[in-house]
Protein chains: 2
Amino acid sequence: MRIGLAQINTTVGDLSGNRKKIIATYRQLRSEGADLVVFPELAVCGYPPRDLLLKRRFVSDTEESLLEIAAETDHIPLLVGYVETNPGGTGRSFFNAAAFCQNTAIMANARKCLLPTYDVFDEDRYFESAAKPTIINHNGLKIAVTICEDIWTHPTLTSRPRYTSSPIEELRDQSIDLHINLSASPWHFSKENTRENLITETAKNCAAPLIYCNAVGGNDELIFDGRSMIADTSGNIVAGLKAFREDIRIFDLEPTNPSIDPSFKQTDMQDIKEALVLGLRDYAHKSGFRKALLGLSGGIDSAVTAALAVEALGSENVTGISLPSQISSQHSRDDARILAENLKIDFQTLPIANIVAAAEKTLAPLFDKSEAGTAEENVQARSRGLLLMAVSNKFGSLLLTTGNKSELAVGYCTLYGDMAGGLAVISDLPKTKVYELARFINKDKEIIPVSSIEKPPSAELRPDQKDEDSLPPYPILDAILKGYIEEGLSSRDLIAQGFDQALVKDIIRKVDLNEYKRKQAAPGLKITPLAFGVGRRIPIVQKYVS
Amino acid sequence: MRIGLAQINTTVGDLSGNRKKIIATYRQLRSEGADLVVFPELAVCGYPPRDLLLKRRFVSDTEESLLEIAAETDHIPLLVGYVETNPGGTGRSFFNAAAFCQNTAIMANARKCLLPTYDVFDEDRYFESAAKPTIINHNGLKIAVTICEDIWTHPTLTSRPRYTSSPIEELRDQSIDLHINLSASPWHFSKENTRENLITETAKNCAAPLIYCNAVGGNDELIFDGRSMIADTSGNIVAGLKAFREDIRIFDLEPTNPSIDPSFKQTDMQDIKEALVLGLRDYAHKSGFRKALLGLSGGIDSAVTAALAVEALGSENVTGISLPSQISSQHSRDDARILAENLKIDFQTLPIANIVAAAEKTLAPLFDKSEAGTAEENVQARSRGLLLMAVSNKFGSLLLTTGNKSELAVGYCTLYGDMAGGLAVISDLPKTKVYELARFINKDKEIIPVSSIEKPPSAELRPDQKDEDSLPPYPILDAILKGYIEEGLSSRDLIAQGFDQALVKDIIRKVDLNEYKRKQAAPGLKITPLAFGVGRRIPIVQKYVS
């Protein structure tokens with residue numbers, strides 16, 4: 001049996017665009033000899049549709065789009081994810097489903113049993129769960145069809161909520177011939193290893209080959225890495241598709257001819273870079289931006305962001321703007337200019353001195369000779385935000401913010417200042433990883449000036465300021481932040497791990513105090529198991545002391 | 001039996017503060033002769049705790065706090081909501097529970113059966129559901145204990161998701177003597193009527209008196225209105241506690257002596273005003289702000305916001321700042337000043353001309369004599385945002401944003417400009433309701449200058465600009481927005497209702513395009529069934545055309 005794997009990049013809500021892509025891909029794979037063509041979870045409407053599902057006509061429009069897709073099929077079946085109105089429901093209850101389409105009709109529906117409702121997922125908000133996975137009889141074969149989470153119940157490989165049923169256990173004794181899983185599984189750092197092990201175990205458990213078709217592309221904060229794969233009955237991965245790219249290809253189940261794309265397994269840094277490039281490109285292009293701009297401080301964060309933007313959008317579509325103040329060092333200005341030259345991007349300089357002076361003069365009667373402090377530092381950062389947004393508005397370019405996860409965690413950033421922008425490219429990358437990524441970007445030649453990487457980081461909002469005046473060294477900060485934010489540890493736990501008590505309490509206090517800033521931050525591309533944003537829902541006003 | 005109703009205002013995560021309040025209230029009601037003291041849902045940790053529940057020690061800390069509360073009880077029972085680790089679970093599965101404490105111990109636990117997972121609620125993310133409501137035998141009485149959503153299953157009174165079980169049906173044939181429901185039911189416009197009917201029906205259905213103890217107070221976007229009540233066996237409401245205020249009182253079940261607080265039923269406008277005042281006050285005070293400031297444009301939105309701030313925080317704690325430009329009309333400046341005088345608040349003037357001029361001069365080489373447009377208008381709004389934030393940072397005052405729901409819907413507002421601030425006070429109030437509220441605030445004397453109410457609304461970002469140059473009259477705009485946003489209608493539905501086709505498509509396009517602005521908006525107080533913010537989760541990048 002020749003399986004056509006359609007690892008496509010869909011856009012949320014773009015029913016007509018997604019439909020055209022699905023039909024064209026089906027025709028292509030069919031003409032290349034596929035016996036069955038498989039698409040990802042919810043490919044008809046894009047994933048995650050979120051509250052679009054609550055609009056009165058969204059599901060019926062999705063179902064109509066599916067009918068148009070089904071109408072294009074002949075005897076070669078097409079299996080695609082969509083939203084199905086629960087035929088036994090009241091009209092407002094839905095399944096996350098897969099339609100098996102053949103000979104212009106929907107021949108069968110398979111429905112998702114396990115609905116992820118944690119982290120970035122809210123599927124219980126929208127869907128009913130099916131009691132059991134579906135088995136479709138096709139040409140004498142028993143084909144089990146599951147959807148994404150349905151296979152994520154392994155007792156040791158996943159730490160997901162314990163569900164009361166296991167679709168895999170259901171399938172175990174059913175002598176299935178083939179198992180197809182449609183997924184939209186967002187990537188985070190090193191998730192692909194878990195996923196591969198899970199697919200191996202699932203194939204062995206069900207004693208059947210497993211076809212895993214995953215979505216690819218960026219949708220808001222989420223980045224889907226593709227990496228669709230096929231495991232044989234013994235659990236060997238015999239096909240592995242591209243990472244972070246569309247990939248449409250046919251794989252013959254027997255005799256198998258193993259085919260693993262080189263990007264299926266690649267280094268962590270390559271993964272991180274490609275994830276961010278894809279997330280940035282899709283965010284921009286899917287929302288209609290061809291061009292982006294960003295402030296270049298001469299520091300490492302803006303340098304890394306600029307390099308990613310060039311890879312995502314092309315150097316001709318990126319503008320770097322230096323916004324020096326009287327405090328900015330000459331070496332920072334030089335580093336910004338050299339970076340722009342290395343990246344071959346448009347480079348502009350907009351000094352902030354006049355705006356800052358005008359603001360300070362305006363505020364002087366009210367501030368009454370009080371000592372300069374955070375308020376004045378923020379005026380500098382907000383003058384930059386004002387200028388960058390003006391350029392963004394004037395030329396229709398997407399403003400990228402350049403803050404990293406460590407800064408955002410402790411609030412070492414200015415709301416409406418350096419936080420201004422439409423997309424936070426590296427906001428889920430801890431500072432220590434920013435350094436790694438900078439070195440990786442430079443691995444073949446110096447793109448990011450080495451001095452941007454090697455000098456002590458500074459916000460340059462007051463003379464001789466260094467990040468480490470206010471913060472511990474980044475390796476220590478990042479370790480505490482990972483424990484507190486990603487692992488949910490308390491100060492007691494962290495102190496027991498050997499971190500300094502006063503330091504831990506100070507860092508935690510800063511993280512908690514700055515929740516209000518993060519609530520107004522630009523959406524950020526998620527690359528860790530727990531990113532700020534939609535998957536982390538901490539109240540702003542709260543007084544829990546852990 | 002004398003029931004002590006403890007309608008208290010807790011703070012999310014403030015285990016020690018909440019515990020002190022619970023113990024003090026228990027002692028007070030006990031000393032006044034209560035036979036049983038009832039607190040709201042999750043009162044021990046505050047509602048909604050959201051992802052605090054995922055922190056490693058949050059639940060065990062909450063359980064320890066409950067034990068300290070239980071230790072203070074004697075033979076008079078205390079019933080209070082908390083989070084219980086599922087004794088049959090893996091240690092990371094929890095119930096939204098109520099503890100029946102007596103004689104220093106927890107005598108029984110009642111667990112929530114129905115977990116709301118829609119709108120602002122995510123309870124499936126955190127909790128296990130119990131199969132059945134709990135009946136506690138106390139002094140020969142069968143007391144059923146349910147939690148909030150458990151009673152929201154009436155087939156016609158609620159439009160909530162159909163649950164597969166009904167705790168009320170379970171209780172129906174159990175000959176219970178008393179039914180107690182612990183709630184944290186956030187208020188929205190006119191919800192109290194539905195709730196009252198529901199409680200009447202539930203009491204009749206179970207043929208037992210129903211004690212309904214609801215939380216009061218603001219926690220982030222949510223405003224809990226209290227209005228705890230008691231229905232007798234026939235469903236008559238015999239006790240009704242205060243709206244939007246703490247209320248701690250004893251009610252004798254027999255003979256009943258009906259006691260309905262005047263605020264239990266009051267006008268819609270009184271409700272809206274008190275809701276916003278409470279939400280604002282609690283947001284400020286619970287996060288440590290005594291003082292607030294806001295920009296006063298002379299328009300109706302900032303005037304209403306200022307009046308609410310004065311009622312919430314006291315006139316001595318509110319600063320109004322006029323930020324005139326060369327475009328600002330004299331009547332607007334006068335209206336701002338008169339409002340400040342009427343409200344007896346500190347009034348400052350910070351002209352933006354110098355900052356705008358400095359920004360325009362800085363941008364001139366890049367903008368190259370292009371025609372002034374949105375970019376330049378936004379520079380004005382962002383200069384105001386910069387100055388207001390500088391004052392906020394300098395004096396530690398909470399900056400309030402003043403935008404209404406209609407503006408925010410169509411993006412008639414500037415990100416980092418007039419959208420800058422810590423709390424959006426009236427962002428869930430459509431413009432037509434802002435007018436109603438302004439007139440209500442003025443009902444006894446002119447606080448808001450009548451000219452602020454009667455003049456045509458204008459952003460005053462270019463000469464002679466009027467809102468109605470870009471937008472339809474607000475009654476039409478608000479009707480379309482309500483259909484599109486709150487009712488989920490499509491353009492087809494709205495056109496079928498008689499609205500102009502081009503207008504509907506233009507408004508919908510604006511709403512969709514401006515999702516990115518709302519994603520970065522300050523949290524806003526929720527007063528409608530569907531507010532922007534945590535209860536509305538529309539992707540930013542999406543292309544659904546309805």
# chains A, B, ... in the order shown; residues from 1 in each chain; ligands from 1

call {"tool": "interface_residues", "arguments": {"of": "chain B", "to": "chain A", "cutoff": "6 Å", "atoms": "only C-alpha atoms", "output": "PyMOL selection string"}}
result
chain B and resi 12-14+51+55-56+117-118+125+287+354-355+358-359+375+390+393-394+416+488-489+520-521+537-538+541-544

call {"tool": "select_by_dssp", "arguments": {"residues": "stretch 128-314 of chain A", "states": "helix (DSSP H, G or I)", "output": "tab-separated table (two decimals) with N, CA and C atoms, in the first residue's frame"}}
result
chain	number	residue	atom	x	y	z
A	148	CYS	N	-4.17	12.81	17.07
A	148	CYS	CA	-3.15	13.44	17.93
A	148	CYS	C	-3.11	12.86	19.35
A	149	GLU	N	-3.68	13.56	20.31
A	149	GLU	CA	-3.64	13.19	21.72
A	149	GLU	C	-4.01	11.73	21.99
A	150	ASP	N	-4.82	11.14	21.14
A	150	ASP	CA	-5.27	9.77	21.37
A	150	ASP	C	-4.11	8.80	21.61
A	151	ILE	N	-2.94	9.10	21.04
A	151	ILE	CA	-1.81	8.18	21.26
A	151	ILE	C	-0.87	8.65	22.37
A	167	PRO	N	-7.26	4.99	24.11
A	167	PRO	CA	-7.60	4.50	22.78
A	167	PRO	C	-6.62	3.41	22.31
A	168	ILE	N	-5.38	3.51	22.73
A	168	ILE	CA	-4.39	2.51	22.31
A	168	ILE	C	-4.72	1.15	22.92
A	169	GLU	N	-5.12	1.17	24.19
A	169	GLU	CA	-5.53	-0.10	24.81
A	169	GLU	C	-6.75	-0.68	24.08
A	170	GLU	N	-7.64	0.20	23.68
A	170	GLU	CA	-8.82	-0.24	22.91
A	170	GLU	C	-8.42	-0.95	21.62
A	171	LEU	N	-7.36	-0.45	21.00
A	171	LEU	CA	-6.98	-0.97	19.68
A	171	LEU	C	-6.16	-2.26	19.77
A	172	ARG	N	-5.59	-2.44	20.93
A	172	ARG	CA	-4.61	-3.50	21.14
A	172	ARG	C	-5.06	-4.88	20.68
A	191	LYS	N	11.00	18.05	21.90
A	191	LYS	CA	9.79	17.24	21.95
A	191	LYS	C	9.83	16.09	20.94
A	192	GLU	N	10.55	16.31	19.84
A	192	GLU	CA	10.54	15.30	18.76
A	192	GLU	C	11.05	13.95	19.24
A	193	ASN	N	11.93	13.94	20.23
A	193	ASN	CA	12.44	12.64	20.71
A	193	ASN	C	11.35	11.85	21.42
A	194	THR	N	10.62	12.56	22.28
A	194	THR	CA	9.51	11.91	22.97
A	194	THR	C	8.51	11.36	21.98
A	195	ARG	N	8.22	12.21	21.02
A	195	ARG	CA	7.21	11.83	20.03
A	195	ARG	C	7.62	10.59	19.26
A	196	GLU	N	8.88	10.53	18.89
A	196	GLU	CA	9.36	9.38	18.12
A	196	GLU	C	9.26	8.10	18.96
A	197	ASN	N	9.66	8.21	20.21
A	197	ASN	CA	9.56	7.03	21.09
A	197	ASN	C	8.12	6.59	21.26
A	198	LEU	N	7.25	7.55	21.38
A	198	LEU	CA	5.84	7.26	21.56
A	198	LEU	C	5.27	6.54	20.35
A	199	ILE	N	5.69	6.97	19.19
A	199	ILE	CA	5.17	6.36	17.97
A	199	ILE	C	5.71	4.93	17.81
A	200	THR	N	6.95	4.75	18.17
A	200	THR	CA	7.52	3.40	18.18
A	200	THR	C	6.73	2.50	19.12
A	201	GLU	N	6.50	2.98	20.33
A	201	GLU	CA	5.78	2.17	21.33
A	201	GLU	C	4.35	1.89	20.89
A	202	THR	N	3.72	2.89	20.30
A	202	THR	CA	2.33	2.72	19.87
A	202	THR	C	2.23	1.67	18.76
A	203	ALA	N	3.15	1.73	17.81
A	203	ALA	CA	3.14	0.74	16.73
A	203	ALA	C	3.31	-0.66	17.30
A	204	LYS	N	4.26	-0.80	18.22
A	204	LYS	CA	4.49	-2.12	18.84
A	204	LYS	C	3.26	-2.59	19.61
A	205	ASN	N	2.69	-1.67	20.37
A	205	ASN	CA	1.53	-2.00	21.18
A	205	ASN	C	0.35	-2.48	20.36
A	206	CYS	N	0.12	-1.80	19.25
A	206	CYS	CA	-1.03	-2.17	18.41
A	206	CYS	C	-0.63	-3.21	17.37
A	262	PRO	N	17.01	14.28	6.04
A	262	PRO	CA	18.10	14.71	6.93
A	262	PRO	C	17.61	15.63	8.06
A	263	SER	N	16.61	16.47	7.78
A	263	SER	CA	16.16	17.41	8.82
A	263	SER	C	15.30	16.72	9.89
A	264	PHE	N	14.92	15.46	9.64
A	264	PHE	CA	14.11	14.73	10.64
A	264	PHE	C	14.86	14.63	11.96
A	268	ASP	N	19.87	20.47	18.12
A	268	ASP	CA	18.91	21.31	18.85
A	268	ASP	C	18.95	22.76	18.36
A	269	MET	N	20.12	23.27	18.12
A	269	MET	CA	20.22	24.67	17.71
A	269	MET	C	19.65	24.88	16.31
A	270	GLN	N	19.87	23.91	15.44
A	270	GLN	CA	19.26	23.99	14.11
A	270	GLN	C	17.73	24.01	14.25
A	271	ASP	N	17.24	23.14	15.11
A	271	ASP	CA	15.80	23.11	15.38
A	271	ASP	C	15.28	24.45	15.88
A	272	ILE	N	15.95	25.00	16.87
A	272	ILE	CA	15.49	26.27	17.44
A	272	ILE	C	15.50	27.35	16.37
A	273	LYS	N	16.57	27.40	15.62
A	273	LYS	CA	16.67	28.44	14.59
A	273	LYS	C	15.54	28.27	13.55
A	274	GLU	N	15.36	27.05	13.09
A	274	GLU	CA	14.34	26.85	12.05
A	274	GLU	C	12.92	27.06	12.59
A	275	ALA	N	12.72	26.71	13.84
A	275	ALA	CA	11.40	26.93	14.44
A	275	ALA	C	11.09	28.43	14.46
A	276	LEU	N	12.05	29.21	14.93
A	276	LEU	CA	11.80	30.65	15.05
A	276	LEU	C	11.66	31.30	13.67
A	277	VAL	N	12.43	30.84	12.72
A	277	VAL	CA	12.32	31.39	11.36
A	277	VAL	C	10.94	31.09	10.78
A	278	LEU	N	10.50	29.86	10.96
A	278	LEU	CA	9.18	29.48	10.46
A	278	LEU	C	8.07	30.26	11.17
A	279	GLY	N	8.19	30.34	12.49
A	279	GLY	CA	7.17	31.05	13.26
A	279	GLY	C	7.08	32.52	12.86
A	280	LEU	N	8.23	33.13	12.67
A	280	LEU	CA	8.27	34.54	12.28
A	280	LEU	C	7.70	34.72	10.87
A	281	ARG	N	8.16	33.87	9.95
A	281	ARG	CA	7.70	34.01	8.56
A	281	ARG	C	6.19	33.82	8.46
A	282	ASP	N	5.69	32.79	9.10
A	282	ASP	CA	4.26	32.54	9.00
A	282	ASP	C	3.44	33.62	9.69
A	283	TYR	N	3.91	34.09	10.84
A	283	TYR	CA	3.18	35.17	11.50
A	283	TYR	C	3.08	36.37	10.57
A	284	ALA	N	4.19	36.72	9.95
A	284	ALA	CA	4.21	37.89	9.07
A	284	ALA	C	3.39	37.63	7.82
A	285	HIS	N	3.71	36.58	7.09
A	285	HIS	CA	3.07	36.37	5.80
A	285	HIS	C	1.58	36.06	5.94
A	286	LYS	N	1.22	35.24	6.92
A	286	LYS	CA	-0.20	34.90	7.08
A	286	LYS	C	-1.02	36.11	7.52
A	300	ILE	N	23.06	41.64	21.85
A	300	ILE	CA	22.93	40.30	21.26
A	300	ILE	C	21.48	39.95	20.91
A	301	ASP	N	20.51	40.41	21.72
A	301	ASP	CA	19.12	40.02	21.48
A	301	ASP	C	18.61	40.56	20.14
A	302	SER	N	18.85	41.85	19.91
A	302	SER	CA	18.37	42.42	18.65
A	302	SER	C	19.16	41.87	17.47
A	303	ALA	N	20.43	41.53	17.70
A	303	ALA	CA	21.23	40.96	16.62
A	303	ALA	C	20.68	39.60	16.20
A	304	VAL	N	20.38	38.76	17.18
A	304	VAL	CA	19.83	37.43	16.88
A	304	VAL	C	18.47	37.56	16.18
A	305	THR	N	17.65	38.47	16.70
A	305	THR	CA	16.32	38.66	16.09
A	305	THR	C	16.45	39.12	14.65
A	306	ALA	N	17.39	40.03	14.40
A	306	ALA	CA	17.58	40.53	13.03
A	306	ALA	C	18.02	39.40	12.11
A	307	ALA	N	18.94	38.56	12.58
A	307	ALA	CA	19.42	37.45	11.74
A	307	ALA	C	18.28	36.49	11.42
A	308	LEU	N	17.42	36.24	12.39
A	308	LEU	CA	16.27	35.35	12.15
A	308	LEU	C	15.30	36.00	11.15
A	309	ALA	N	15.11	37.30	11.30
A	309	ALA	CA	14.18	38.00	10.40
A	309	ALA	C	14.69	37.95	8.96
A	310	VAL	N	15.99	38.10	8.79
A	310	VAL	CA	16.55	38.04	7.44
A	310	VAL	C	16.34	36.66	6.84
A	311	GLU	N	16.55	35.64	7.64
A	311	GLU	CA	16.34	34.30	7.11
A	311	GLU	C	14.87	34.05	6.78
A	312	ALA	N	13.98	34.63	7.59
A	312	ALA	CA	12.55	34.39	7.38
A	312	ALA	C	11.99	35.20	6.21
A	313	LEU	N	12.42	36.44	6.09
A	313	LEU	CA	11.75	37.36	5.16
A	313	LEU	C	12.64	37.84	4.02

call {"tool": "closest_residue", "arguments": {"among": "B:Leu437, B:Leu182, B:Leu42, B:Val410", "to": "B:Asp506", "atoms": "only C-alpha atoms"}}
result
B:Val410

call {"tool": "atom_distance", "arguments": {"atom1": "atom CA of A:Leu241", "atom2": "atom CA of A:Arg227"}}
result
4.8 Å

call {"tool": "residues_around", "arguments": {"residues": "stretch 95-109 of chain A", "least_positions_apart": "2", "cutoff": "8 Å", "atoms": "only C-alpha atoms", "output": "number ranges by chain"}}
result
A: 41-42, 67, 70-86, 93, 111-112, 127-130, 134, 136, 145, 147, 182

call {"tool": "closest_residue", "arguments": {"among": "B:Asp500, B:Asp35, B:Val238, B:Ser175", "to": "B:His138", "atoms": "only C-alpha atoms"}}
result
B:Asp35

call {"tool": "atom_distance", "arguments": {"atom1": "atom CA of A:Gly411", "atom2": "atom CA of A:Val504"}}
result
15.3 Å

call {"tool": "atom_distance", "arguments": {"atom1": "atom CA of B:Phe189", "atom2": "atom CA of B:Lys505"}}
result
27.9 Å

call {"tool": "closest_residue", "arguments": {"among": "B:Val59, B:Val38, B:Ala531, B:Ala243", "to": "B:His179", "atoms": "only C-alpha atoms"}}
result
B:Val38

call {"tool": "closest_residue", "arguments": {"among": "B:Pro456, B:Pro209, B:Pro255, B:Gly33", "to": "B:Thr233", "atoms": "only C-alpha atoms"}}
result
B:Pro209
